[in-house]
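Student: So that you have it, the file is input23.cif, and it contains mmCIF, C-alpha atoms:
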```
data_upload
loop_
_atom_site.label_atom_id
_atom_site.label_comp_id
_atom_site.auth_asym_id
_atom_site.auth_seq_id
_atom_site.Cartn_x
_atom_site.Cartn_y
_atom_site.Cartn_z
CA MET A 1 -23.69 -13.54 -2.80
CA ASN A 2 -24.83 -13.55 0.81
CA ILE A 3 -23.12 -10.86 2.85
CA TYR A 4 -23.19 -10.13 6.53
CA ILE A 5 -26.17 -7.86 7.23
CA LYS A 6 -27.60 -8.07 10.71
CA LYS A 7 -29.53 -4.81 10.50
CA GLU A 8 -29.48 -1.57 8.56
CA PHE A 9 -25.99 -0.15 9.02
CA GLU A 10 -25.79 3.38 10.38
CA PRO A 11 -22.48 4.95 9.40
CA ASP A 12 -20.65 7.45 11.56
CA TYR A 13 -17.56 8.95 9.98
CA ASN A 14 -16.32 10.04 13.42
CA ASN A 15 -15.25 6.45 14.05
CA LEU A 16 -12.62 6.72 11.33
CA VAL A 17 -11.62 10.22 12.40
CA LEU A 18 -10.95 9.02 15.95
CA ALA A 19 -9.03 6.00 14.66
CA ALA A 20 -6.92 8.27 12.41
CA LYS A 21 -6.13 10.40 15.45
CA ASN A 22 -4.88 7.25 17.22
CA GLN A 23 -7.86 7.29 19.57
CA LYS A 24 -10.45 4.62 20.33
CA PRO A 25 -13.73 4.96 18.42
CA LYS A 26 -17.09 3.44 19.33
CA ARG A 27 -16.39 0.63 16.88
CA THR A 28 -13.25 -0.35 15.02
CA PRO A 29 -13.68 0.96 11.47
CA VAL A 30 -13.25 -1.09 8.32
CA TYR A 31 -11.21 0.73 5.70
CA GLU A 32 -10.03 0.22 2.13
CA HIS A 33 -7.76 2.39 0.04
CA ILE A 34 -9.41 1.25 -3.20
CA VAL A 35 -12.15 -1.30 -3.90
CA SER A 36 -12.77 -2.75 -7.35
CA ASN A 37 -16.26 -1.87 -8.56
CA ARG A 38 -16.71 -5.40 -9.87
CA VAL A 39 -15.84 -7.01 -6.55
CA MET A 40 -17.86 -4.46 -4.58
CA GLU A 41 -20.90 -5.05 -6.77
CA GLU A 42 -20.73 -8.81 -6.31
CA VAL A 43 -20.24 -8.67 -2.55
CA SER A 44 -22.62 -5.83 -1.70
CA GLY A 45 -25.35 -6.67 -4.18
CA VAL A 46 -25.46 -3.00 -5.19
CA LYS A 47 -25.32 -2.38 -8.92
CA ILE A 48 -22.82 0.41 -9.47
CA SER A 49 -24.26 1.56 -12.78
CA GLY A 50 -22.59 3.85 -15.28
CA GLY A 51 -19.01 4.86 -14.77
CA ASN A 52 -16.82 7.65 -13.50
CA THR A 53 -16.43 9.26 -16.92
CA GLY A 54 -18.76 11.31 -19.06
CA ASN A 55 -20.48 14.63 -18.51
CA ASN A 56 -24.11 13.82 -17.72
CA LYS A 57 -24.63 15.09 -14.19
CA ALA A 58 -27.66 12.93 -13.35
CA ASP A 59 -25.86 9.77 -14.44
CA MET A 60 -22.73 10.70 -12.52
CA VAL A 61 -24.64 11.48 -9.33
CA GLU A 62 -26.45 8.13 -9.68
CA TYR A 63 -23.11 6.38 -10.10
CA TYR A 64 -21.73 8.00 -6.95
CA ASN A 65 -24.96 7.28 -5.05
CA ASN A 66 -24.59 3.59 -5.83
CA TYR A 67 -20.85 3.62 -5.16
CA ASN A 68 -21.43 5.15 -1.72
CA LYS A 69 -24.37 2.85 -1.01
CA ALA A 70 -22.13 -0.18 -1.59
CA PHE A 71 -19.64 1.13 0.99
CA LYS A 72 -22.48 1.69 3.43
CA VAL A 73 -23.95 -1.80 2.91
CA LEU A 74 -20.53 -3.30 3.65
CA GLY A 75 -20.23 -1.49 6.98
CA TYR A 76 -17.90 1.37 6.11
CA ASP A 77 -18.27 4.66 7.96
CA THR A 78 -16.56 6.48 5.10
CA THR A 79 -16.14 6.26 1.35
CA SER A 80 -12.67 6.30 -0.20
CA PHE A 81 -12.52 8.88 -2.96
CA GLU A 82 -9.76 10.79 -4.67
CA ILE A 83 -8.90 12.08 -8.14
CA CYS A 84 -5.24 11.63 -8.93
CA ALA A 85 -3.12 14.62 -9.91
CA ALA A 86 -0.52 12.90 -12.06
CA GLY A 87 -2.88 12.29 -14.97
CA TYR A 88 -3.36 16.05 -15.38
CA MET A 89 0.35 16.70 -15.82
CA PRO A 90 1.16 17.22 -19.53
CA GLY A 91 2.95 14.21 -21.00
CA SER A 92 2.32 12.04 -17.95
CA GLY A 93 1.94 8.27 -18.10
CA SER A 94 5.45 6.99 -17.48
CA LEU A 95 4.53 5.41 -14.14
CA GLY A 96 1.36 3.58 -15.08
CA GLY A 97 1.67 3.48 -18.86
CA HIS A 98 5.42 2.80 -19.10
CA LYS A 99 5.85 5.48 -21.78
CA ASP A 100 8.97 7.58 -22.30
CA GLY A 101 9.34 10.33 -19.77
CA GLU A 102 8.31 13.85 -20.72
CA ILE A 103 11.28 15.31 -18.81
CA LYS A 104 14.73 13.88 -19.47
CA ASN A 105 16.98 16.92 -19.09
CA ARG A 106 17.17 20.54 -17.99
CA ASN A 107 15.74 21.89 -21.26
CA ASP A 108 12.66 19.69 -20.87
CA PHE A 109 12.26 20.88 -17.29
CA ASP A 110 12.59 24.55 -18.20
CA ARG A 111 9.99 24.25 -21.00
CA TYR A 112 7.48 22.41 -18.84
CA GLU A 113 4.37 24.47 -18.01
CA TRP A 114 4.32 23.87 -14.26
CA ASP A 115 2.18 26.90 -13.40
CA LYS A 116 -0.76 25.75 -15.53
CA ILE A 117 -1.25 22.35 -13.88
CA PRO A 118 -3.16 23.42 -10.71
CA GLY A 119 -5.70 25.27 -12.87
CA ILE A 120 -6.03 22.30 -15.21
CA TYR A 121 -6.60 19.94 -12.30
CA MET A 122 -9.21 22.14 -10.62
CA ASP A 123 -11.09 22.80 -13.87
CA LYS A 124 -11.13 19.18 -15.03
CA THR A 125 -12.11 17.64 -11.69
CA LYS A 126 -14.75 20.16 -10.55
CA PHE A 127 -17.62 18.25 -12.19
CA TYR A 128 -16.77 14.99 -10.40
CA PHE A 129 -16.25 16.46 -6.94
CA GLU A 130 -19.48 18.45 -7.19
CA CYS A 131 -21.42 15.36 -8.31
CA MET A 132 -19.95 13.37 -5.42
CA ARG A 133 -20.98 16.10 -2.99
CA GLU A 134 -24.64 15.44 -3.89
CA ALA A 135 -24.28 11.71 -3.28
CA ILE A 136 -22.71 11.40 0.20
CA PRO A 137 -25.09 9.51 2.55
CA ALA A 138 -26.05 10.84 5.96
CA GLY A 139 -23.46 9.91 8.57
CA MET A 140 -20.71 9.37 6.00
CA LYS A 141 -17.89 11.52 4.69
CA LEU A 142 -14.98 10.88 2.38
CA VAL A 143 -11.38 9.81 2.93
CA GLY A 144 -9.08 10.96 0.15
CA GLY A 145 -8.67 14.23 -1.70
CA VAL A 146 -5.99 14.95 -4.29
CA GLY A 147 -4.58 11.57 -5.24
CA ASN A 148 -0.89 10.82 -5.89
CA GLY A 149 2.01 11.86 -3.75
CA LEU A 150 5.23 13.57 -4.75
CA PHE A 151 7.27 10.53 -5.80
CA GLU A 152 4.51 9.09 -7.99
CA CYS A 153 3.99 12.41 -9.78
CA VAL A 154 7.71 12.82 -10.47
CA GLN A 155 7.94 9.29 -11.84
CA ASP A 156 4.89 9.85 -14.04
CA ILE A 157 6.74 12.52 -16.05
CA THR A 158 10.24 10.99 -15.95
CA GLY A 159 9.91 7.24 -15.50
CA PHE A 160 11.74 5.59 -12.64
CA MET A 161 14.77 4.48 -14.65
CA ASP A 162 15.31 7.92 -16.20
CA LEU A 163 14.81 9.53 -12.80
CA CYS A 164 17.72 7.43 -11.56
CA TYR A 165 19.82 8.57 -14.54
CA ILE A 166 18.93 12.18 -13.75
CA ARG A 167 20.02 11.59 -10.14
CA SER A 168 23.44 10.50 -11.42
CA ASP A 169 23.89 12.93 -14.32
CA ASP A 170 22.30 16.10 -12.94
CA PRO A 171 21.72 16.03 -9.15
CA GLU A 172 20.54 19.65 -9.23
CA LEU A 173 17.78 18.79 -11.73
CA PHE A 174 16.84 15.81 -9.57
CA GLY A 175 16.19 18.17 -6.67
CA LEU A 176 14.41 20.73 -8.84
CA LEU A 177 11.94 18.08 -10.03
CA PHE A 178 10.81 17.30 -6.50
CA LYS A 179 10.60 20.98 -5.61
CA ALA A 180 8.54 21.81 -8.71
CA VAL A 181 6.14 18.92 -8.16
CA GLY A 182 5.91 19.81 -4.48
CA ASP A 183 4.94 23.38 -5.42
CA MET A 184 2.39 22.06 -7.92
CA LEU A 185 0.75 19.72 -5.40
CA TYR A 186 0.79 22.38 -2.69
CA ASN A 187 -1.04 24.80 -4.97
CA ILE A 188 -3.61 22.18 -5.96
CA TRP A 189 -4.28 21.24 -2.34
CA ASP A 190 -4.51 24.91 -1.34
CA ARG A 191 -7.33 25.52 -3.83
CA PHE A 192 -8.93 22.14 -3.25
CA LEU A 193 -9.32 22.57 0.51
CA ASP A 194 -11.15 25.86 0.10
CA LEU A 195 -13.78 24.25 -2.14
CA TYR A 196 -14.33 20.71 -0.88
CA ASP A 197 -13.45 20.46 2.81
CA ASP A 198 -17.09 19.93 3.80
CA MET A 199 -17.02 16.54 2.01
CA PHE A 200 -13.98 15.03 3.74
CA CYS A 201 -13.18 13.84 7.23
CA VAL A 202 -9.66 12.43 6.66
CA TYR A 203 -7.26 13.49 3.92
CA ARG A 204 -4.75 11.21 2.25
CA PHE A 205 -2.55 10.60 -0.73
CA GLY A 206 -0.80 7.47 -1.92
CA ASP A 207 2.92 7.50 -2.63
CA ASP A 208 4.57 4.09 -2.88
CA LEU A 209 8.12 4.62 -1.68
CA GLY A 210 9.45 1.10 -1.26
CA TYR A 211 10.38 -2.26 -2.68
CA LYS A 212 9.96 -5.35 -0.54
CA ILE A 213 13.48 -4.95 0.86
CA SER A 214 14.14 -1.20 0.95
CA PRO A 215 13.02 2.25 -0.18
CA MET A 216 13.17 2.74 -3.96
CA LEU A 217 15.42 5.77 -3.56
CA ALA A 218 18.34 6.14 -1.20
CA PRO A 219 16.99 7.02 2.26
CA GLY A 220 19.00 10.23 2.21
CA ASP A 221 17.25 11.34 -0.96
CA VAL A 222 13.84 10.53 0.53
CA ARG A 223 14.71 12.61 3.58
CA LYS A 224 16.10 15.52 1.55
CA HIS A 225 13.68 15.75 -1.36
CA ILE A 226 10.41 13.98 -0.48
CA ILE A 227 9.66 14.25 3.22
CA PRO A 228 10.01 18.07 3.39
CA GLN A 229 7.46 18.37 0.60
CA TYR A 230 5.13 16.01 2.43
CA ALA A 231 5.51 18.24 5.47
CA ARG A 232 4.52 21.38 3.53
CA ILE A 233 1.32 19.80 2.20
CA ILE A 234 0.32 18.09 5.43
CA ASN A 235 0.93 21.26 7.41
CA LEU A 236 -1.27 23.13 4.94
CA ILE A 237 -4.05 20.55 5.35
CA LYS A 238 -3.93 20.68 9.12
CA ARG A 239 -3.66 24.46 9.28
CA LYS A 240 -6.64 25.01 6.98
CA THR A 241 -8.90 22.16 8.13
CA GLY A 242 -7.64 20.59 11.36
CA ARG A 243 -8.30 17.16 9.88
CA PRO A 244 -6.00 14.14 10.25
CA PHE A 245 -3.79 12.95 7.40
CA LEU A 246 -3.30 9.35 6.25
CA LEU A 247 -0.31 8.26 4.15
CA HIS A 248 -0.71 5.20 1.95
CA SER A 249 2.73 3.91 1.02
CA CYS A 250 3.67 0.40 -0.04
CA GLY A 251 7.01 -1.24 0.51
CA ASN A 252 9.72 -1.60 3.10
CA ILE A 253 10.13 1.99 4.29
CA PHE A 254 11.22 1.34 7.86
CA GLU A 255 14.45 3.29 7.25
CA VAL A 256 12.51 6.51 6.73
CA MET A 257 9.39 5.94 8.84
CA ASP A 258 10.62 7.90 11.86
CA ASP A 259 11.27 10.91 9.61
CA ILE A 260 7.86 10.57 7.96
CA ILE A 261 6.27 10.55 11.42
CA ASN A 262 8.40 13.24 13.07
CA ILE A 263 8.95 15.64 10.16
CA ALA A 264 6.00 15.14 7.81
CA LYS A 265 3.67 14.72 10.83
CA ILE A 266 1.39 12.05 9.37
CA ASP A 267 -1.38 10.89 11.67
CA ALA A 268 -1.91 7.44 10.15
CA LYS A 269 -0.25 4.98 7.79
CA HIS A 270 -1.81 2.38 5.48
CA SER A 271 -0.35 -0.54 3.54
CA ASN A 272 1.39 -3.67 4.74
CA GLU A 273 2.60 -6.97 3.32
CA ASP A 274 3.36 -10.00 5.46
CA VAL A 275 6.44 -10.72 3.34
CA ILE A 276 7.87 -7.41 4.58
CA ALA A 277 6.50 -7.48 8.12
CA PRO A 278 3.24 -8.63 9.68
CA PHE A 279 0.80 -5.91 10.62
CA SER A 280 1.50 -6.61 14.29
CA GLU A 281 5.08 -5.43 13.74
CA TRP A 282 3.92 -2.10 12.34
CA VAL A 283 1.67 -1.73 15.37
CA ARG A 284 4.49 -2.69 17.75
CA LEU A 285 6.93 -0.20 16.22
CA TYR A 286 4.64 2.76 15.60
CA GLY A 287 1.31 2.19 17.32
CA ASP A 288 2.16 4.56 20.17
CA LYS A 289 2.90 7.35 17.66
CA ILE A 290 0.42 7.04 14.79
CA ALA A 291 -2.65 5.09 13.71
CA LEU A 292 -2.24 2.00 11.54
CA PHE A 293 -4.78 0.97 8.91
CA GLY A 294 -4.95 -2.34 7.02
CA GLY A 295 -3.79 -5.64 8.44
CA ILE A 296 -5.03 -8.36 6.10
CA ASP A 297 -2.38 -9.24 3.53
CA THR A 298 -3.79 -8.87 0.02
CA ASP A 299 -2.24 -12.18 -0.97
CA ALA A 300 -4.42 -13.90 1.64
CA LEU A 301 -7.50 -12.57 -0.15
CA CYS A 302 -6.63 -14.40 -3.37
CA ASP A 303 -8.03 -17.90 -4.02
CA ILE A 304 -4.58 -19.28 -4.81
CA SER A 305 -3.18 -18.37 -1.40
CA GLY A 306 -4.27 -21.60 0.26
CA ILE A 307 -4.78 -19.67 3.51
CA ASP A 308 -7.82 -20.33 5.68
CA ILE A 309 -9.14 -16.80 5.50
CA GLU A 310 -11.36 -16.92 8.59
CA SER A 311 -8.58 -18.22 10.85
CA TYR A 312 -6.11 -15.75 9.36
CA VAL A 313 -8.40 -12.74 9.86
CA ARG A 314 -9.20 -13.73 13.44
CA GLU A 315 -5.49 -14.18 14.22
CA VAL A 316 -4.65 -10.72 12.87
CA VAL A 317 -7.64 -8.88 14.33
CA THR A 318 -8.09 -10.45 17.78
CA PRO A 319 -5.26 -8.53 19.53
CA LEU A 320 -6.22 -5.28 17.77
CA ILE A 321 -10.00 -5.04 17.83
CA ASP A 322 -10.12 -2.98 21.03
CA LYS A 323 -6.97 -0.93 20.49
CA PRO A 324 -7.02 2.76 19.62
CA GLY A 325 -5.78 3.90 16.24
CA ILE A 326 -6.75 0.81 14.24
CA ALA A 327 -8.86 0.40 11.10
CA ILE A 328 -9.04 -3.06 9.55
CA GLY A 329 -9.05 -4.00 5.87
CA SER A 330 -6.70 -5.24 3.21
CA GLY A 331 -3.06 -4.30 3.46
CA ASN A 332 -3.29 -2.70 0.04
CA SER A 333 -6.44 -2.64 -2.09
CA ILE A 334 -9.33 -4.81 -3.21
CA THR A 335 -8.40 -5.30 -6.85
CA ASP A 336 -10.19 -7.15 -9.66
CA TYR A 337 -8.14 -10.29 -9.00
CA ILE A 338 -9.17 -10.51 -5.33
CA SER A 339 -11.62 -13.29 -4.50
CA PRO A 340 -15.04 -11.74 -3.80
CA GLN A 341 -15.78 -14.65 -1.44
CA ARG A 342 -12.63 -14.02 0.59
CA TYR A 343 -13.23 -10.27 0.68
CA ALA A 344 -16.80 -10.92 1.87
CA LYS A 345 -15.56 -13.31 4.56
CA MET A 346 -12.96 -10.80 5.80
CA ASN A 347 -15.64 -8.12 5.98
CA GLU A 348 -18.05 -10.44 7.79
CA ILE A 349 -15.55 -11.65 10.39
CA VAL A 350 -14.32 -8.15 11.25
CA ARG A 351 -17.86 -6.85 11.61
CA ILE A 352 -18.82 -9.76 13.88
CA MET A 353 -15.68 -9.23 15.97
CA ARG A 354 -16.47 -5.56 16.45
CA GLY A 355 -19.90 -6.43 17.81
CA GLU A 356 -22.35 -6.37 14.93
#
```
Let me see whether you can do it: turn the structure in this file into structure tokens.

Tutor:
Amino acid sequence: MNIYIKKEFEPDYNNLVLAAKNQKPKRTPVYEHIVSNRVMEEVSGVKISGGNTGNNKADMVEYYNNYNKAFKVLGYDTTSFEICAAGYMPGSGSLGGHKDGEIKNRNDFDRYEWDKIPGIYMDKTKFYFECMREAIPAGMKLVGGVGNGLFECVQDITGFMDLCYIRSDDPELFGLLFKAVGDMLYNIWDRFLDLYDDMFCVYRFGDDLGYKISPMLAPGDVRKHIIPQYARIINLIKRKTGRPFLLHSCGNIFEVMDDIINIAKIDAKHSNEDVIAPFSEWVRLYGDKIALFGGIDTDALCDISGIDIESYVREVVTPLIDKPGIAIGSGNSITDYISPQRYAKMNEIVRIMRGE
């Protein structure tokens, strides 16, 4: 596949840092939360060999070298990289695997080995972070860190439906779950930042809080149990590193956005769907307070959308290309079902519009 390459791209991670701080960088960054390896291979022409499992260091470093090279070829100043915490919680899998929750009642909660999880996470992920450290190209750094936010981790050991039952049957346990997971994530981040801060320029986690019409939990519960835990972790990150923090959260979360901004102190927000609100509305409401990343509805990047992708991208990007605090990409992620041709066209148009 032909991609837009005018000359050898020279990445500069400071562009994304400035955007995340709601400032104007030298060029508007392109940004993705996640990019499918299959789609990235086809569009970039870089073979991302191997995989992100196994224990052969040379193979893993080669994999990350190719992964980062593909980001560079496509005009990214940073690579998106995180290792999610939920999968290291004993009995997890209720969120992604739809299995029965590990914690259904107070006895389950009391037996759960919360204190062991930070050590498990750090031990099991050390190999991958250290291999990635050897593969970061000059001029680039990473956006990411410890994947999964509070709500996703809680759901992964309870399931959403059972979490709602717990909210009704045992409100105290409901609160204890968020506090325990908050403590767990805080302890992981505390250790993580001491070891890997040199690799990252912007930290983030993803925590999908909303449906298309509202938050998944009552706004009062989000304010009471989730946002204060966000604030603890984000304050830790900023105190120890001084780096900006990006929240990825899907859904209609307008009811709690002011609290996320004012209490949790996020610097930037990613994820938008036109069916909820066009990206321009997010920028209108919050662009004077935080940075906004994304813009191009993921549905528009699918072949079945019927949307003229070039016209759509230009319409979204034209009023934003010179604004501070903007990074352009999909409103969610580049998944396996995204059209490689449409992703390539989005990437090409944005890069032309920013002056390449």

Student: Which residues come within 9 Å of region 23-26 of chain A, counting all atoms listed in the file, excluding same-chain residues fewer than 2 positions away, as a list in words?

Tutor: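 Selected residues are Asn14, Asn15, Leu16, Val17, Leu18, Ala19, Ala20, Lys21, Thr28, Pro29, Ala291, Asp322, Lys323, Pro324, Gly325 and Ile326 of chain A.
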
Student: Kindly assemble as a tab-separated table a list of the region 215-248 of chain A residues that lie within 12 Å of region 142-154 of chain A, each paired with its nearest atom pair and their distance in Å to one decimal, using all atoms listed in the file, sorted first by chain and then by ascending residue number.

Tutor:
```
residue	atom	partner	partner_atom	distance
A:Pro215	CA	A:Phe151	CA	11.5
A:Met216	CA	A:Phe151	CA	9.9
A:Leu217	CA	A:Phe151	CA	9.7
A:Asp221	CA	A:Phe151	CA	11.1
A:Val222	CA	A:Phe151	CA	9.1
A:His225	CA	A:Leu150	CA	9.4
A:Ile226	CA	A:Leu150	CA	6.7
A:Ile227	CA	A:Leu150	CA	9.1
A:Pro228	CA	A:Leu150	CA	10.5
A:Gln229	CA	A:Leu150	CA	7.5
A:Tyr230	CA	A:Leu150	CA	7.6
A:Ala231	CA	A:Leu150	CA	11.2
A:Arg232	CA	A:Leu150	CA	11.4
A:Ile233	CA	A:Gly149	CA	9.9
A:Ile234	CA	A:Gly149	CA	11.2
A:Ile237	CA	A:Gly145	CA	10.5
A:Arg243	CA	A:Val143	CA	10.6
A:Pro244	CA	A:Val143	CA	10.1
A:Phe245	CA	A:Gly144	CA	9.2
A:Leu246	CA	A:Gly144	CA	8.6
A:Leu247	CA	A:Gly149	CA	9.0
A:His248	CA	A:Gly149	CA	9.2
```

Student: Please write the residues picked by the PyMOL selection byres ((chain A and resi 86-101) around 8) on this file as number ranges by chain.

Tutor: A: 84-85, 102-104, 117, 120-121, 148, 152-153, 155-160, 162

Student: I need the residue set behind the PyMOL selection byres ((chain A and resi 61) around 9) for this file; please write it as a short mmCIF file (atom, residue, chain, number, x, y, z; two decimals) with C-alpha atoms, in the coordinates of the input.

Tutor:
```cif
data_model
loop_
_atom_site.label_atom_id
_atom_site.label_comp_id
_atom_site.auth_asym_id
_atom_site.auth_seq_id
_atom_site.Cartn_x
_atom_site.Cartn_y
_atom_site.Cartn_z
CA ASN A 56 -24.11 13.82 -17.72
CA LYS A 57 -24.63 15.09 -14.19
CA ALA A 58 -27.66 12.93 -13.35
CA ASP A 59 -25.86 9.77 -14.44
CA MET A 60 -22.73 10.70 -12.52
CA GLU A 62 -26.45 8.13 -9.68
CA TYR A 63 -23.11 6.38 -10.10
CA TYR A 64 -21.73 8.00 -6.95
CA ASN A 65 -24.96 7.28 -5.05
CA ASN A 66 -24.59 3.59 -5.83
CA TYR A 128 -16.77 14.99 -10.40
CA GLU A 130 -19.48 18.45 -7.19
CA CYS A 131 -21.42 15.36 -8.31
CA MET A 132 -19.95 13.37 -5.42
CA ARG A 133 -20.98 16.10 -2.99
CA GLU A 134 -24.64 15.44 -3.89
CA ALA A 135 -24.28 11.71 -3.28
#
```

Student: Name the residues captured by the PyMOL selection byres ((chain A and resi 331-348) around 8) when it is applied to the shown file; answer as a PDB file with C-alpha atoms, in the frame of the given file.

Tutor:
```pdb
ATOM      1  CA  ILE A   3     -23.120 -10.860   2.850  1.00  0.00           C
ATOM      2  CA  TYR A   4     -23.190 -10.130   6.530  1.00  0.00           C
ATOM      3  CA  VAL A  30     -13.250  -1.090   8.320  1.00  0.00           C
ATOM      4  CA  GLU A  32     -10.030   0.220   2.130  1.00  0.00           C
ATOM      5  CA  HIS A  33      -7.760   2.390   0.040  1.00  0.00           C
ATOM      6  CA  ILE A  34      -9.410   1.250  -3.200  1.00  0.00           C
ATOM      7  CA  VAL A  35     -12.150  -1.300  -3.900  1.00  0.00           C
ATOM      8  CA  SER A  36     -12.770  -2.750  -7.350  1.00  0.00           C
ATOM      9  CA  ARG A  38     -16.710  -5.400  -9.870  1.00  0.00           C
ATOM     10  CA  VAL A  39     -15.840  -7.010  -6.550  1.00  0.00           C
ATOM     11  CA  MET A  40     -17.860  -4.460  -4.580  1.00  0.00           C
ATOM     12  CA  GLU A  42     -20.730  -8.810  -6.310  1.00  0.00           C
ATOM     13  CA  VAL A  43     -20.240  -8.670  -2.550  1.00  0.00           C
ATOM     14  CA  LEU A  74     -20.530  -3.300   3.650  1.00  0.00           C
ATOM     15  CA  CYS A 250       3.670   0.400  -0.040  1.00  0.00           C
ATOM     16  CA  HIS A 270      -1.810   2.380   5.480  1.00  0.00           C
ATOM     17  CA  SER A 271      -0.350  -0.540   3.540  1.00  0.00           C
ATOM     18  CA  ASN A 272       1.390  -3.670   4.740  1.00  0.00           C
ATOM     19  CA  GLU A 273       2.600  -6.970   3.320  1.00  0.00           C
ATOM     20  CA  PHE A 293      -4.780   0.970   8.910  1.00  0.00           C
ATOM     21  CA  GLY A 294      -4.950  -2.340   7.020  1.00  0.00           C
ATOM     22  CA  GLY A 295      -3.790  -5.640   8.440  1.00  0.00           C
ATOM     23  CA  ILE A 296      -5.030  -8.360   6.100  1.00  0.00           C
ATOM     24  CA  ASP A 297      -2.380  -9.240   3.530  1.00  0.00           C
ATOM     25  CA  THR A 298      -3.790  -8.870   0.020  1.00  0.00           C
ATOM     26  CA  LEU A 301      -7.500 -12.570  -0.150  1.00  0.00           C
ATOM     27  CA  CYS A 302      -6.630 -14.400  -3.370  1.00  0.00           C
ATOM     28  CA  ASP A 303      -8.030 -17.900  -4.020  1.00  0.00           C
ATOM     29  CA  ILE A 309      -9.140 -16.800   5.500  1.00  0.00           C
ATOM     30  CA  GLU A 310     -11.360 -16.920   8.590  1.00  0.00           C
ATOM     31  CA  VAL A 313      -8.400 -12.740   9.860  1.00  0.00           C
ATOM     32  CA  GLY A 329      -9.050  -4.000   5.870  1.00  0.00           C
ATOM     33  CA  SER A 330      -6.700  -5.240   3.210  1.00  0.00           C
ATOM     34  CA  ILE A 349     -15.550 -11.650  10.390  1.00  0.00           C
ATOM     35  CA  VAL A 350     -14.320  -8.150  11.250  1.00  0.00           C
ATOM     36  CA  ARG A 351     -17.860  -6.850  11.610  1.00  0.00           C
ATOM     37  CA  ILE A 352     -18.820  -9.760  13.880  1.00  0.00           C
TER      38      ILE A 352
END
```

Student: As an exercise, work out the distance from CA of Thr125 (chain A) to CA of Ile83 (chain A) in Å and give it to one decimal place.

Tutor: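 Straight-line distance from CA of Thr125 (chain A) to CA of Ile83 (chain A) works out to 7.3 Å.
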
Student: Between A:Arg204, A:Lys72, A:Lys269, A:Arg354, which residue has the minimum interatomic distance to Arg27 (chain A), considering all atoms listed in the file?

Tutor: A:Arg354
